[in-house]
$ cat start25.cif   # mmCIF, C-alpha atoms
data_start
loop_
_atom_site.label_atom_id
_atom_site.label_comp_id
_atom_site.auth_asym_id
_atom_site.auth_seq_id
_atom_site.Cartn_x
_atom_site.Cartn_y
_atom_site.Cartn_z
CA MET A 1 13.43 43.21 30.25
CA LEU A 2 15.79 40.56 31.57
CA GLU A 3 18.64 41.27 29.18
CA THR A 4 19.93 44.82 29.18
CA GLY A 5 23.03 44.40 27.00
CA LYS A 6 23.23 45.36 23.34
CA ILE A 7 25.09 43.74 20.47
CA SER A 8 25.51 44.73 16.84
CA ALA A 9 24.03 42.85 13.89
CA LEU A 10 27.53 41.81 12.85
CA GLN A 11 28.17 40.30 16.28
CA MET A 12 24.89 38.41 16.00
CA GLY A 13 26.10 36.95 12.71
CA MET A 14 29.42 36.01 14.31
CA ILE A 15 27.62 34.20 17.13
CA ILE A 16 25.26 32.32 14.83
CA TYR A 17 27.80 31.35 12.17
CA PRO A 18 29.79 28.96 14.43
CA VAL A 19 26.46 27.63 15.75
CA LEU A 20 25.58 26.51 12.21
CA VAL A 21 29.00 25.46 11.01
CA SER A 22 30.95 23.94 13.91
CA THR A 23 29.17 20.57 14.13
CA ALA A 24 28.69 20.47 10.39
CA MET A 25 32.35 20.95 9.61
CA LEU A 26 33.54 17.99 11.58
CA GLY A 27 31.21 15.14 10.68
CA GLY A 28 29.16 16.92 8.02
CA PRO A 29 30.90 15.75 4.84
CA ASN A 30 30.70 12.14 6.02
CA VAL A 31 26.99 12.38 6.90
CA MET A 32 26.12 14.07 3.61
CA ALA A 33 28.30 11.74 1.54
CA GLN A 34 26.50 8.65 2.86
CA ALA A 35 23.34 9.51 0.95
CA ALA A 36 24.54 11.96 -1.67
CA ARG A 37 27.90 10.33 -2.66
CA ASN A 38 29.72 12.62 -5.08
CA ASP A 39 26.78 15.02 -5.31
CA LEU A 40 27.31 16.23 -1.75
CA TRP A 41 28.36 19.67 -2.97
CA LEU A 42 24.68 20.37 -3.75
CA THR A 43 23.40 19.16 -0.37
CA PRO A 44 24.16 22.33 1.68
CA PHE A 45 22.06 24.29 -0.80
CA TRP A 46 18.95 22.18 -0.14
CA SER A 47 19.40 22.17 3.61
CA SER A 48 20.08 25.90 3.76
CA LEU A 49 16.54 26.50 2.46
CA ILE A 50 15.20 25.65 5.93
CA GLY A 51 17.74 28.11 7.34
CA PHE A 52 16.33 30.92 5.21
CA LEU A 53 12.81 29.85 6.18
CA SER A 54 13.74 29.94 9.88
CA VAL A 55 15.25 33.42 9.45
CA PHE A 56 12.05 34.56 7.70
CA ILE A 57 9.87 33.18 10.52
CA ALA A 58 12.04 34.71 13.26
CA ILE A 59 12.08 38.12 11.52
CA GLN A 60 8.33 38.12 10.85
CA LEU A 61 7.56 37.13 14.44
CA HIS A 62 9.90 39.87 15.61
CA LYS A 63 8.20 42.43 13.37
CA ARG A 64 4.84 41.57 14.92
CA PHE A 65 6.20 41.39 18.45
CA PRO A 66 9.27 43.64 18.61
CA GLY A 67 11.62 43.26 21.54
CA MET A 68 10.35 39.79 22.44
CA THR A 69 12.00 36.38 22.27
CA ILE A 70 10.14 33.29 21.07
CA ILE A 71 9.07 32.44 24.64
CA GLU A 72 7.46 35.85 25.19
CA GLN A 73 5.98 35.78 21.69
CA GLY A 74 4.42 32.41 22.51
CA LYS A 75 2.83 33.99 25.59
CA ALA A 76 1.47 36.90 23.56
CA ILE A 77 0.10 34.64 20.82
CA ALA A 78 -1.22 31.55 22.59
CA GLY A 79 -2.18 32.86 26.05
CA THR A 80 -0.75 32.02 29.45
CA VAL A 81 -1.52 28.34 30.05
CA PRO A 82 -0.86 26.82 26.58
CA SER A 83 2.26 28.93 26.20
CA ALA A 84 3.56 27.83 29.62
CA ILE A 85 3.22 24.16 28.62
CA MET A 86 4.75 24.75 25.19
CA GLY A 87 7.48 26.92 26.69
CA LEU A 88 8.50 24.22 29.16
CA LEU A 89 8.55 21.59 26.39
CA TYR A 90 10.59 23.96 24.28
CA LEU A 91 13.08 24.48 27.10
CA LEU A 92 13.34 20.72 27.59
CA VAL A 93 14.23 20.43 23.89
CA LEU A 94 16.83 23.20 24.23
CA LEU A 95 18.28 21.50 27.31
CA GLN A 96 18.47 18.12 25.59
CA VAL A 97 19.96 19.57 22.40
CA SER A 98 22.58 21.44 24.45
CA GLY A 99 23.32 18.15 26.21
CA VAL A 100 23.81 16.35 22.90
CA ILE A 101 26.13 19.10 21.60
CA VAL A 102 28.19 18.93 24.79
CA ARG A 103 28.35 15.14 24.45
CA GLU A 104 29.48 15.39 20.80
CA TYR A 105 32.20 17.79 21.92
CA ALA A 106 33.28 15.54 24.79
CA ASP A 107 33.36 12.43 22.61
CA PHE A 108 35.45 14.22 20.01
CA ILE A 109 37.92 15.63 22.53
CA ALA A 110 38.15 12.15 24.10
CA ILE A 111 39.85 11.01 20.87
CA PHE A 112 42.78 13.22 21.89
CA LEU A 113 42.50 12.97 25.68
CA LYS A 114 42.06 9.22 25.95
CA GLU A 115 42.32 8.85 29.73
CA THR A 116 40.15 11.81 30.70
CA PRO A 117 36.59 10.93 31.79
CA LEU A 118 33.87 12.43 29.58
CA SER A 119 32.25 14.12 32.59
CA VAL A 120 35.44 16.13 33.21
CA ILE A 121 35.64 17.28 29.58
CA SER A 122 31.99 18.31 29.42
CA SER A 123 32.03 19.97 32.85
CA ALA A 124 35.10 22.00 31.86
CA LEU A 125 33.31 23.27 28.75
CA ILE A 126 30.15 24.08 30.71
CA VAL A 127 32.11 26.02 33.35
CA VAL A 128 33.76 28.20 30.67
CA CYS A 129 30.42 28.70 28.89
CA ALA A 130 28.72 29.54 32.20
CA PHE A 131 31.13 32.44 32.72
CA ALA A 132 30.38 33.69 29.20
CA VAL A 133 26.62 33.41 29.75
CA LYS A 134 26.94 35.09 33.14
CA GLY A 135 28.46 38.10 31.36
CA GLY A 136 25.29 38.37 29.30
CA VAL A 137 24.76 38.81 25.61
CA GLU A 138 27.43 41.47 25.25
CA VAL A 139 30.13 39.10 26.44
CA LEU A 140 28.80 36.44 24.06
CA GLY A 141 28.97 38.91 21.21
CA ARG A 142 32.49 40.05 22.07
CA THR A 143 33.86 36.52 22.51
CA ALA A 144 32.31 35.48 19.20
CA GLN A 145 33.88 38.51 17.55
CA VAL A 146 37.32 37.78 19.04
CA PHE A 147 37.18 34.10 18.14
CA PHE A 148 35.72 34.51 14.67
CA PRO A 149 39.06 34.96 12.84
CA MET A 150 40.54 32.06 14.82
CA PHE A 151 37.66 29.98 13.58
CA ILE A 152 38.05 30.93 9.91
CA VAL A 153 41.80 31.42 9.36
CA PRO A 154 43.00 27.88 10.28
CA LEU A 155 40.33 26.41 8.01
CA LEU A 156 41.37 28.54 5.04
CA LEU A 157 45.03 27.85 5.80
CA MET A 158 44.39 24.12 5.81
CA ILE A 159 42.49 24.23 2.55
CA GLY A 160 45.35 26.24 1.03
CA LEU A 161 47.89 23.66 2.19
CA VAL A 162 46.06 20.63 0.77
CA PHE A 163 45.21 22.47 -2.42
CA PRO A 164 47.90 20.83 -4.61
CA ALA A 165 46.60 17.35 -3.70
CA LEU A 166 43.00 18.00 -4.69
CA ASP A 167 41.57 16.07 -7.61
CA PRO A 168 38.48 17.77 -9.10
CA GLY A 169 37.89 14.62 -11.17
CA ASN A 170 36.21 13.06 -8.08
CA LEU A 171 33.24 15.32 -8.78
CA PHE A 172 32.21 13.29 -11.82
CA PRO A 173 29.76 11.87 -12.83
CA VAL A 174 27.68 14.87 -11.78
CA LEU A 175 24.10 14.02 -10.71
CA ASP A 176 24.19 10.62 -12.44
CA ARG A 177 21.50 9.32 -10.06
CA GLY A 178 19.34 12.42 -10.30
CA LEU A 179 18.69 15.06 -7.65
CA LEU A 180 17.12 12.76 -5.06
CA PRO A 181 20.34 11.49 -3.36
CA SER A 182 21.56 15.04 -2.77
CA ILE A 183 18.18 15.93 -1.23
CA LYS A 184 18.25 12.82 0.98
CA GLY A 185 21.70 13.82 2.17
CA ALA A 186 20.22 17.14 3.30
CA ILE A 187 18.06 15.60 6.05
CA THR A 188 20.62 15.71 8.86
CA PRO A 189 21.95 19.19 7.92
CA LEU A 190 18.35 20.48 8.04
CA GLY A 191 18.64 20.38 11.82
CA TRP A 192 21.89 22.37 11.85
CA TYR A 193 20.49 25.08 9.61
CA SER A 194 17.23 25.43 11.53
CA GLU A 195 19.37 26.38 14.56
CA VAL A 196 19.62 29.84 12.99
CA PHE A 197 16.23 30.43 14.63
CA LEU A 198 18.21 31.20 17.81
CA ILE A 199 18.44 34.75 16.42
CA SER A 200 15.00 35.06 18.04
CA TYR A 201 16.90 35.50 21.33
CA LEU A 202 19.33 38.03 19.81
CA LEU A 203 17.05 40.22 17.66
CA PRO A 204 15.55 42.00 20.71
CA VAL A 205 19.02 43.06 21.92
CA LEU A 206 20.32 44.34 18.59
CA ALA A 207 21.56 47.92 18.67
CA ASN A 208 20.96 48.30 14.92
CA ARG A 209 17.80 46.32 14.28
CA PRO A 210 17.26 47.21 10.60
CA GLN A 211 20.51 45.40 9.78
CA GLY A 212 19.39 42.25 11.63
CA THR A 213 17.67 40.65 8.65
CA LYS A 214 20.62 41.23 6.37
CA ALA A 215 23.08 39.84 8.92
CA ALA A 216 20.96 36.72 9.50
CA VAL A 217 20.51 36.00 5.79
CA TRP A 218 24.23 36.48 5.16
CA THR A 219 25.05 34.17 8.04
CA VAL A 220 22.99 31.36 6.53
CA ALA A 221 24.47 32.05 3.09
CA GLY A 222 27.98 32.10 4.59
CA ALA A 223 27.35 28.81 6.37
CA MET A 224 26.08 27.30 3.12
CA ILE A 225 29.15 28.47 1.20
CA THR A 226 31.52 27.22 3.93
CA MET A 227 29.83 23.84 4.01
CA THR A 228 29.93 23.56 0.22
CA ILE A 229 33.65 24.39 0.19
CA VAL A 230 34.40 21.92 2.98
CA ASN A 231 32.39 19.24 1.16
CA LEU A 232 34.17 19.88 -2.12
CA VAL A 233 37.64 19.88 -0.54
CA THR A 234 37.04 16.60 1.31
CA LEU A 235 35.47 15.06 -1.80
CA PHE A 236 38.34 16.16 -4.02
CA LEU A 237 40.82 14.73 -1.54
CA MET A 238 39.13 11.48 -0.58
CA GLY A 239 36.77 10.63 -3.41
CA ASP A 240 34.79 7.41 -2.93
CA ALA A 241 36.27 6.78 0.53
CA LEU A 242 34.46 9.79 2.01
CA PRO A 243 31.32 7.97 3.26
CA ASN A 244 33.55 5.68 5.36
CA ILE A 245 35.62 8.39 7.07
CA LEU A 246 34.04 9.55 10.31
CA PHE A 247 35.73 12.97 10.62
CA PRO A 248 36.87 13.86 7.08
CA ILE A 249 38.20 17.29 8.02
CA MET A 250 40.49 15.68 10.60
CA ASP A 251 41.95 13.37 7.97
CA THR A 252 42.31 16.27 5.56
CA ALA A 253 44.34 18.05 8.25
CA ARG A 254 46.43 14.95 8.88
CA TYR A 255 47.17 14.75 5.19
CA VAL A 256 48.94 18.11 5.20
CA SER A 257 52.70 17.65 5.05
CA ILE A 258 54.73 20.42 3.52
CA ALA A 259 58.52 20.71 3.79
CA ASP A 260 58.44 18.52 6.94
CA PHE A 261 57.32 21.63 8.74
CA PHE A 262 53.54 21.96 8.36
CA GLU A 263 52.50 18.62 9.81
CA ASN A 264 49.95 17.23 12.27
CA MET A 265 47.50 19.99 11.53
CA GLU A 266 44.71 18.02 13.25
CA SER A 267 45.47 20.03 16.37
CA ALA A 268 44.32 23.07 14.37
CA VAL A 269 41.06 21.25 13.63
CA MET A 270 40.67 20.52 17.31
CA ALA A 271 41.25 24.21 18.06
CA ILE A 272 38.58 25.22 15.54
CA TRP A 273 36.20 22.70 17.01
CA VAL A 274 36.82 23.80 20.60
CA ILE A 275 36.16 27.45 19.66
CA GLY A 276 33.09 26.53 17.61
CA ALA A 277 31.69 24.28 20.32
CA PHE A 278 32.31 26.95 22.96
CA ILE A 279 30.29 29.55 21.05
CA LYS A 280 27.61 27.06 20.05
CA VAL A 281 27.13 25.70 23.56
CA SER A 282 27.22 29.23 25.03
CA MET A 283 24.45 30.32 22.67
CA PHE A 284 22.25 27.31 23.42
CA TYR A 285 23.02 27.64 27.13
CA TYR A 286 22.12 31.35 27.03
CA ALA A 287 18.87 30.61 25.16
CA THR A 288 17.93 27.92 27.71
CA VAL A 289 18.68 30.13 30.71
CA LEU A 290 17.00 33.25 29.32
CA GLY A 291 14.03 31.21 28.07
CA THR A 292 13.53 29.57 31.48
CA ALA A 293 13.63 32.93 33.24
CA GLN A 294 11.14 34.43 30.76
CA CYS A 295 8.86 31.42 30.83
CA LEU A 296 8.63 31.48 34.63
CA ASN A 297 8.49 35.31 34.88
CA LEU A 298 11.63 35.58 37.00
CA THR A 299 13.29 38.87 37.83
CA CYS A 300 16.76 37.92 36.60
CA TYR A 301 18.34 34.98 34.82
CA GLN A 302 21.82 34.90 36.35
CA PRO A 303 20.97 32.65 39.34
CA LEU A 304 19.75 29.94 36.95
CA ILE A 305 23.07 29.65 35.11
CA TRP A 306 24.82 27.13 37.36
CA PRO A 307 21.80 24.85 37.97
CA ILE A 308 21.04 24.70 34.25
CA GLY A 309 24.71 24.04 33.45
CA PHE A 310 24.57 21.16 35.92
CA LEU A 311 21.46 19.84 34.13
CA ILE A 312 23.10 20.19 30.69
CA VAL A 313 26.01 18.02 31.83
CA LEU A 314 23.55 15.43 33.16
CA PHE A 315 21.47 15.55 29.96
CA SER A 316 24.64 14.96 27.94
CA PHE A 317 24.76 11.48 29.49
CA TRP A 318 21.09 10.65 29.95
CA GLY A 319 20.03 7.86 27.61
CA ILE A 320 23.27 7.94 25.60
CA PRO A 321 25.36 4.93 26.64
CA SER A 322 27.95 5.09 23.86
CA PHE A 323 29.39 7.02 20.95
CA ALA A 324 27.57 4.70 18.51
CA GLU A 325 24.23 5.52 20.14
CA LEU A 326 25.07 9.23 19.95
CA GLY A 327 25.84 8.87 16.22
CA ALA A 328 22.49 7.15 15.67
CA ILE A 329 20.38 9.83 17.38
CA THR A 330 22.23 12.74 15.76
CA LEU A 331 21.39 11.40 12.29
CA ILE A 332 17.58 11.59 12.35
CA ALA A 333 16.09 12.17 15.81
CA ILE A 334 17.98 15.33 16.82
CA PRO A 335 17.69 17.04 13.39
CA ALA A 336 13.97 16.21 13.37
CA ILE A 337 13.38 17.71 16.82
CA LEU A 338 15.48 20.75 15.85
CA ALA A 339 13.51 21.32 12.66
CA TRP A 340 10.28 20.82 14.60
CA SER A 341 11.09 23.24 17.39
CA PHE A 342 13.05 25.85 15.41
CA CYS A 343 11.03 25.94 12.21
CA PHE A 344 7.72 24.08 12.30
CA TRP A 345 6.49 25.20 15.71
CA PRO A 346 7.43 28.90 15.38
CA GLY A 347 5.97 28.76 11.85
CA CYS A 348 2.66 27.54 13.31
CA LEU A 349 2.77 30.33 15.91
CA LEU A 350 3.37 32.89 13.16
CA LEU A 351 0.48 31.54 11.06
CA TYR A 352 -1.81 31.60 14.10
CA ALA A 353 -0.75 35.19 14.85
CA ILE A 354 -1.44 36.21 11.24
CA VAL A 355 -4.84 34.48 11.11
CA ARG A 356 -5.94 35.96 14.44
CA GLY A 357 -4.40 39.31 13.53
CA LYS A 358 -2.32 39.39 16.70
CA ARG A 359 0.51 41.82 17.13
CA SER A 360 2.18 43.68 19.92
CA LYS A 361 -0.05 46.50 21.23
CA ALA A 362 2.71 48.75 22.46
CA LYS A 363 4.83 50.20 19.68
CA GLU A 364 8.35 49.78 20.94
CA VAL A 365 10.79 52.60 20.46
CA PRO A 366 13.74 51.34 18.41
CA SER A 367 16.77 51.46 20.63
CA GLY A 368 20.36 52.05 19.71
CA MET B 1 24.42 3.12 45.33
CA LYS B 2 27.82 4.72 45.28
CA TRP B 3 28.19 6.81 48.42
CA GLY B 4 31.15 8.69 46.99
CA LEU B 5 28.96 9.96 44.16
CA VAL B 6 26.19 10.98 46.57
CA ALA B 7 28.67 12.84 48.75
CA GLY B 8 30.32 14.49 45.73
CA MET B 9 27.04 15.65 44.23
CA SER B 10 25.79 16.89 47.59
CA ALA B 11 29.01 18.85 47.98
CA LEU B 12 28.49 20.34 44.51
CA VAL B 13 24.94 21.34 45.45
CA CYS B 14 26.26 22.99 48.63
CA ILE B 15 28.83 24.91 46.56
CA LEU B 16 26.09 26.09 44.16
CA PHE B 17 24.05 27.34 47.11
CA ALA B 18 27.10 29.03 48.64
CA ILE B 19 27.81 30.83 45.35
CA GLU B 20 24.29 31.93 44.52
CA TRP B 21 22.50 32.39 47.84
CA PRO B 22 23.89 35.84 48.77
CA ARG B 23 22.39 37.29 45.59
CA LEU B 24 19.34 35.01 45.57
CA SER B 25 18.26 35.92 49.11
CA ARG B 26 17.38 39.44 47.93
CA LEU B 27 15.20 38.18 45.05
CA PRO B 28 11.50 37.23 45.11
CA ARG B 29 10.26 33.85 46.32
CA ARG B 30 9.57 32.64 42.78
CA ASP B 31 13.24 33.01 41.82
CA LYS B 32 14.36 31.14 44.93
CA MET B 33 11.91 28.30 44.33
CA THR B 34 13.02 27.92 40.69
CA PHE B 35 16.66 27.76 41.75
CA ILE B 36 15.95 25.20 44.46
CA ALA B 37 13.78 23.09 42.13
CA LEU B 38 16.40 23.02 39.36
CA VAL B 39 19.22 22.15 41.72
CA PHE B 40 17.08 19.45 43.34
CA ILE B 41 16.20 17.91 39.92
CA GLY B 42 19.89 17.89 39.03
CA TRP B 43 20.84 16.35 42.37
CA VAL B 44 18.25 13.57 42.05
CA LEU B 45 19.17 12.84 38.41
CA SER B 46 22.86 12.60 39.27
CA MET B 47 22.10 9.67 41.59
CA PHE B 48 20.99 7.45 38.69
CA ASP B 49 23.08 5.50 36.23
CA LEU B 50 22.09 8.00 33.54
CA PRO B 51 23.79 6.59 30.42
CA ASN B 52 21.82 3.36 30.72
CA LEU B 53 18.57 4.95 31.82
CA PRO B 54 15.96 5.67 29.10
CA GLY B 55 15.70 9.45 28.82
CA PRO B 56 14.41 12.22 26.59
CA THR B 57 16.73 11.12 23.77
CA THR B 58 15.18 7.64 23.92
CA MET B 59 11.74 9.19 23.59
CA ILE B 60 12.76 11.48 20.70
CA ASN B 61 14.35 8.50 19.01
CA GLU B 62 11.20 6.39 19.44
CA ILE B 63 9.07 9.12 17.91
CA PHE B 64 11.27 9.88 14.92
CA GLU B 65 12.75 6.45 14.16
CA PRO B 66 9.89 5.47 11.80
CA LEU B 67 10.63 8.68 9.88
CA GLY B 68 14.21 7.49 9.38
CA HIS B 69 13.03 4.13 8.04
CA TYR B 70 10.53 5.85 5.78
CA LEU B 71 13.22 8.12 4.33
CA GLU B 72 15.47 5.19 3.53
#

$ encode --input "start25.cif" --output "structure tokens"
Amino acid sequence: MLETGKISALQMGMIIYPVLVSTAMLGGPNVMAQAARNDLWLTPFWSSLIGFLSVFIAIQLHKRFPGMTIIEQGKAIAGTVPSAIMGLLYLLVLLQVSGVIVREYADFIAIFLKETPLSVISSALIVVCAFAVKGGVEVLGRTAQVFFPMFIVPLLLMIGLVFPALDPGNLFPVLDRGLLPSIKGAITPLGWYSEVFLISYLLPVLANRPQGTKAAVWTVAGAMITMTIVNLVTLFLMGDALPNILFPIMDTARYVSIADFFENMESAVMAIWVIGAFIKVSMFYYATVLGTAQCLNLTCYQPLIWPIGFLIVLFSFWGIPSFAELGAITLIAIPAILAWSFCFWPGCLLLYAIVRGKRSKAKEVPSG
Amino acid sequence: MKWGLVAGMSALVCILFAIEWPRLSRLPRRDKMTFIALVFIGWVLSMFDLPNLPGPTTMINEIFEPLGHYLE
């Protein structure tokens, strides 16, 4: 086995939660409000369904093939040659998605650091993430655990501070155009929720495997609740203007002004986003590196970390000339490829394994 | 072609080799080849004007764009 570290189910949840929420928190309310208008509070519920489905698929695959990641499971189910082709395609998707996340991060940070070239911002993130990935899954788990409160507390604090300005009247009329707009608004978030399938890389290294399912389900539920709260707060504060505000959470933070002391809270949002992006990119980076090593039957994954980091930085620029172009592809194309590779394709593998009655021959001893 | 970029990227590749080779030299041939191939792909890609070059995102966009129109 390439990864020898162990993490707890709680740490797995703390890694996956920022993966689901960090992108969603920043632009999410705006994206969902464009289709769903004032019914955007219902949207996270619809999109989280794919999250629960992805968890179910990952857990079922792991029950049939314990101790294996999706790449190894693909090998066991589909045979060497088809799985090698699919594995390489899969890794290309992971590489490209990591690139897009890094680019989103760099473009957002560039709002604050106007003179800094994007390549410097993205390389800096990749270097930090590379050190985390180099430490293995245990370091990922620990960093996620340390950063988790720093991710949650500023958000709650901010919501508390804008609380007096909220106007629940913006919620009405509830569902006046039926359920369809709120479902349409769920298309982009589908991609974010299907990312929970990355637990496939973490389930084999869990020290307490029986708790894995519970942790994963709670993570998706927690992400859904967070997103609903964020949507409601931004809707209550901004009302009809929400579909026109690119980063609603940023403007919510800017709005905070209490006793001339609590002001310019957008730096707190930036801090949340930096932490979230760090964990999210580290997880995708780790999955890409580990997946490549498993796909090519290498003896260890550490030597691949720097070359793949180099490629992620390059992929964050490839074919994306501007911020507008990035916005366009993250609306439909990236969520579609995420849902395809994290839900549809593993689902097909699972069905094939069930139909052919395939499961792991060796009964693995539960570790811990 | 910008020679500064070529020199910079080549220097980066040299640094990557300097960092990883001591450990890599003890590993099997397959590991070495993968490392060299990945670094080489990165080095070649970095020579292009990537933002304006059609890439994987362009392809994904081409495939899924009709879906976006359909959903609207």

$ residues_near_point --input "start25.cif" --point "(19.0, 10.7, 40.5)" --cutoff "12 Å" --atoms "all atoms listed in the file" --output "PyMOL selection string"
(chain A and resi 311+314-315+318) or (chain B and resi 1-2+5-6+9-10+39-51+53)

$ write_last_selection --input "start25.cif" --atoms "C-alpha atoms" --output "mmCIF file, in the frame of the given file"
data_model
loop_
_atom_site.group_PDB
_atom_site.id
_atom_site.type_symbol
_atom_site.label_atom_id
_atom_site.label_comp_id
_atom_site.auth_asym_id
_atom_site.auth_seq_id
_atom_site.Cartn_x
_atom_site.Cartn_y
_atom_site.Cartn_z
ATOM 1 C CA LEU A 311 21.460 19.840 34.130
ATOM 2 C CA LEU A 314 23.550 15.430 33.160
ATOM 3 C CA PHE A 315 21.470 15.550 29.960
ATOM 4 C CA TRP A 318 21.090 10.650 29.950
ATOM 5 C CA MET B 1 24.420 3.120 45.330
ATOM 6 C CA LYS B 2 27.820 4.720 45.280
ATOM 7 C CA LEU B 5 28.960 9.960 44.160
ATOM 8 C CA VAL B 6 26.190 10.980 46.570
ATOM 9 C CA MET B 9 27.040 15.650 44.230
ATOM 10 C CA SER B 10 25.790 16.890 47.590
ATOM 11 C CA VAL B 39 19.220 22.150 41.720
ATOM 12 C CA PHE B 40 17.080 19.450 43.340
ATOM 13 C CA ILE B 41 16.200 17.910 39.920
ATOM 14 C CA GLY B 42 19.890 17.890 39.030
ATOM 15 C CA TRP B 43 20.840 16.350 42.370
ATOM 16 C CA VAL B 44 18.250 13.570 42.050
ATOM 17 C CA LEU B 45 19.170 12.840 38.410
ATOM 18 C CA SER B 46 22.860 12.600 39.270
ATOM 19 C CA MET B 47 22.100 9.670 41.590
ATOM 20 C CA PHE B 48 20.990 7.450 38.690
ATOM 21 C CA ASP B 49 23.080 5.500 36.230
ATOM 22 C CA LEU B 50 22.090 8.000 33.540
ATOM 23 C CA PRO B 51 23.790 6.590 30.420
ATOM 24 C CA LEU B 53 18.570 4.950 31.820
#

$ interface_residues --input "start25.cif" --of "chain B" --to "chain A" --cutoff "8 Å" --atoms "all atoms listed in the file" --output "PDB file with C-alpha atoms, keeping the file's coordinate frame"
ATOM      1  CA  LEU B  16      26.090  26.090  44.160  1.00  0.00           C
ATOM      2  CA  GLU B  20      24.290  31.930  44.520  1.00  0.00           C
ATOM      3  CA  ARG B  23      22.390  37.290  45.590  1.00  0.00           C
ATOM      4  CA  LEU B  24      19.340  35.010  45.570  1.00  0.00           C
ATOM      5  CA  LEU B  27      15.200  38.180  45.050  1.00  0.00           C
ATOM      6  CA  PRO B  28      11.500  37.230  45.110  1.00  0.00           C
ATOM      7  CA  ARG B  30       9.570  32.640  42.780  1.00  0.00           C
ATOM      8  CA  ASP B  31      13.240  33.010  41.820  1.00  0.00           C
ATOM      9  CA  THR B  34      13.020  27.920  40.690  1.00  0.00           C
ATOM     10  CA  PHE B  35      16.660  27.760  41.750  1.00  0.00           C
ATOM     11  CA  LEU B  38      16.400  23.020  39.360  1.00  0.00           C
ATOM     12  CA  VAL B  39      19.220  22.150  41.720  1.00  0.00           C
ATOM     13  CA  GLY B  42      19.890  17.890  39.030  1.00  0.00           C
ATOM     14  CA  LEU B  45      19.170  12.840  38.410  1.00  0.00           C
ATOM     15  CA  SER B  46      22.860  12.600  39.270  1.00  0.00           C
ATOM     16  CA  LEU B  50      22.090   8.000  33.540  1.00  0.00           C
ATOM     17  CA  PRO B  51      23.790   6.590  30.420  1.00  0.00           C
ATOM     18  CA  ASN B  52      21.820   3.360  30.720  1.00  0.00           C
ATOM     19  CA  LEU B  53      18.570   4.950  31.820  1.00  0.00           C
ATOM     20  CA  PRO B  54      15.960   5.670  29.100  1.00  0.00           C
ATOM     21  CA  GLY B  55      15.700   9.450  28.820  1.00  0.00           C
ATOM     22  CA  PRO B  56      14.410  12.220  26.590  1.00  0.00           C
ATOM     23  CA  THR B  57      16.730  11.120  23.770  1.00  0.00           C
ATOM     24  CA  THR B  58      15.180   7.640  23.920  1.00  0.00           C
ATOM     25  CA  ILE B  60      12.760  11.480  20.700  1.00  0.00           C
ATOM     26  CA  ASN B  61      14.350   8.500  19.010  1.00  0.00           C
ATOM     27  CA  ILE B  63       9.070   9.120  17.910  1.00  0.00           C
ATOM     28  CA  PHE B  64      11.270   9.880  14.920  1.00  0.00           C
ATOM     29  CA  GLU B  65      12.750   6.450  14.160  1.00  0.00           C
ATOM     30  CA  LEU B  67      10.630   8.680   9.880  1.00  0.00           C
ATOM     31  CA  GLY B  68      14.210   7.490   9.380  1.00  0.00           C
ATOM     32  CA  LEU B  71      13.220   8.120   4.330  1.00  0.00           C
TER      33      LEU B  71
END

$ resolve_selection --input "start25.cif" --expression "the PyMOL selection byres ((chain A and resi 45) around 12)" --output "JSON, numbers by chain"
{"A": [32, 39, 40, 41, 42, 43, 44, 46, 47, 48, 49, 50, 51, 52, 179, 182, 183, 185, 186, 187, 189, 190, 193, 220, 221, 222, 223, 224, 225, 226, 227, 228, 229, 231]}

$ write_last_selection --input "start25.cif" --atoms "C-alpha atoms" --output "mmCIF file, in the coordinates of the input"
data_model
loop_
_atom_site.group_PDB
_atom_site.id
_atom_site.type_symbol
_atom_site.label_atom_id
_atom_site.label_comp_id
_atom_site.auth_asym_id
_atom_site.auth_seq_id
_atom_site.Cartn_x
_atom_site.Cartn_y
_atom_site.Cartn_z
ATOM 1 C CA MET A 32 26.120 14.070 3.610
ATOM 2 C CA ASP A 39 26.780 15.020 -5.310
ATOM 3 C CA LEU A 40 27.310 16.230 -1.750
ATOM 4 C CA TRP A 41 28.360 19.670 -2.970
ATOM 5 C CA LEU A 42 24.680 20.370 -3.750
ATOM 6 C CA THR A 43 23.400 19.160 -0.370
ATOM 7 C CA PRO A 44 24.160 22.330 1.680
ATOM 8 C CA TRP A 46 18.950 22.180 -0.140
ATOM 9 C CA SER A 47 19.400 22.170 3.610
ATOM 10 C CA SER A 48 20.080 25.900 3.760
ATOM 11 C CA LEU A 49 16.540 26.500 2.460
ATOM 12 C CA ILE A 50 15.200 25.650 5.930
ATOM 13 C CA GLY A 51 17.740 28.110 7.340
ATOM 14 C CA PHE A 52 16.330 30.920 5.210
ATOM 15 C CA LEU A 179 18.690 15.060 -7.650
ATOM 16 C CA SER A 182 21.560 15.040 -2.770
ATOM 17 C CA ILE A 183 18.180 15.930 -1.230
ATOM 18 C CA GLY A 185 21.700 13.820 2.170
ATOM 19 C CA ALA A 186 20.220 17.140 3.300
ATOM 20 C CA ILE A 187 18.060 15.600 6.050
ATOM 21 C CA PRO A 189 21.950 19.190 7.920
ATOM 22 C CA LEU A 190 18.350 20.480 8.040
ATOM 23 C CA TYR A 193 20.490 25.080 9.610
ATOM 24 C CA VAL A 220 22.990 31.360 6.530
ATOM 25 C CA ALA A 221 24.470 32.050 3.090
ATOM 26 C CA GLY A 222 27.980 32.100 4.590
ATOM 27 C CA ALA A 223 27.350 28.810 6.370
ATOM 28 C CA MET A 224 26.080 27.300 3.120
ATOM 29 C CA ILE A 225 29.150 28.470 1.200
ATOM 30 C CA THR A 226 31.520 27.220 3.930
ATOM 31 C CA MET A 227 29.830 23.840 4.010
ATOM 32 C CA THR A 228 29.930 23.560 0.220
ATOM 33 C CA ILE A 229 33.650 24.390 0.190
ATOM 34 C CA ASN A 231 32.390 19.240 1.160
#
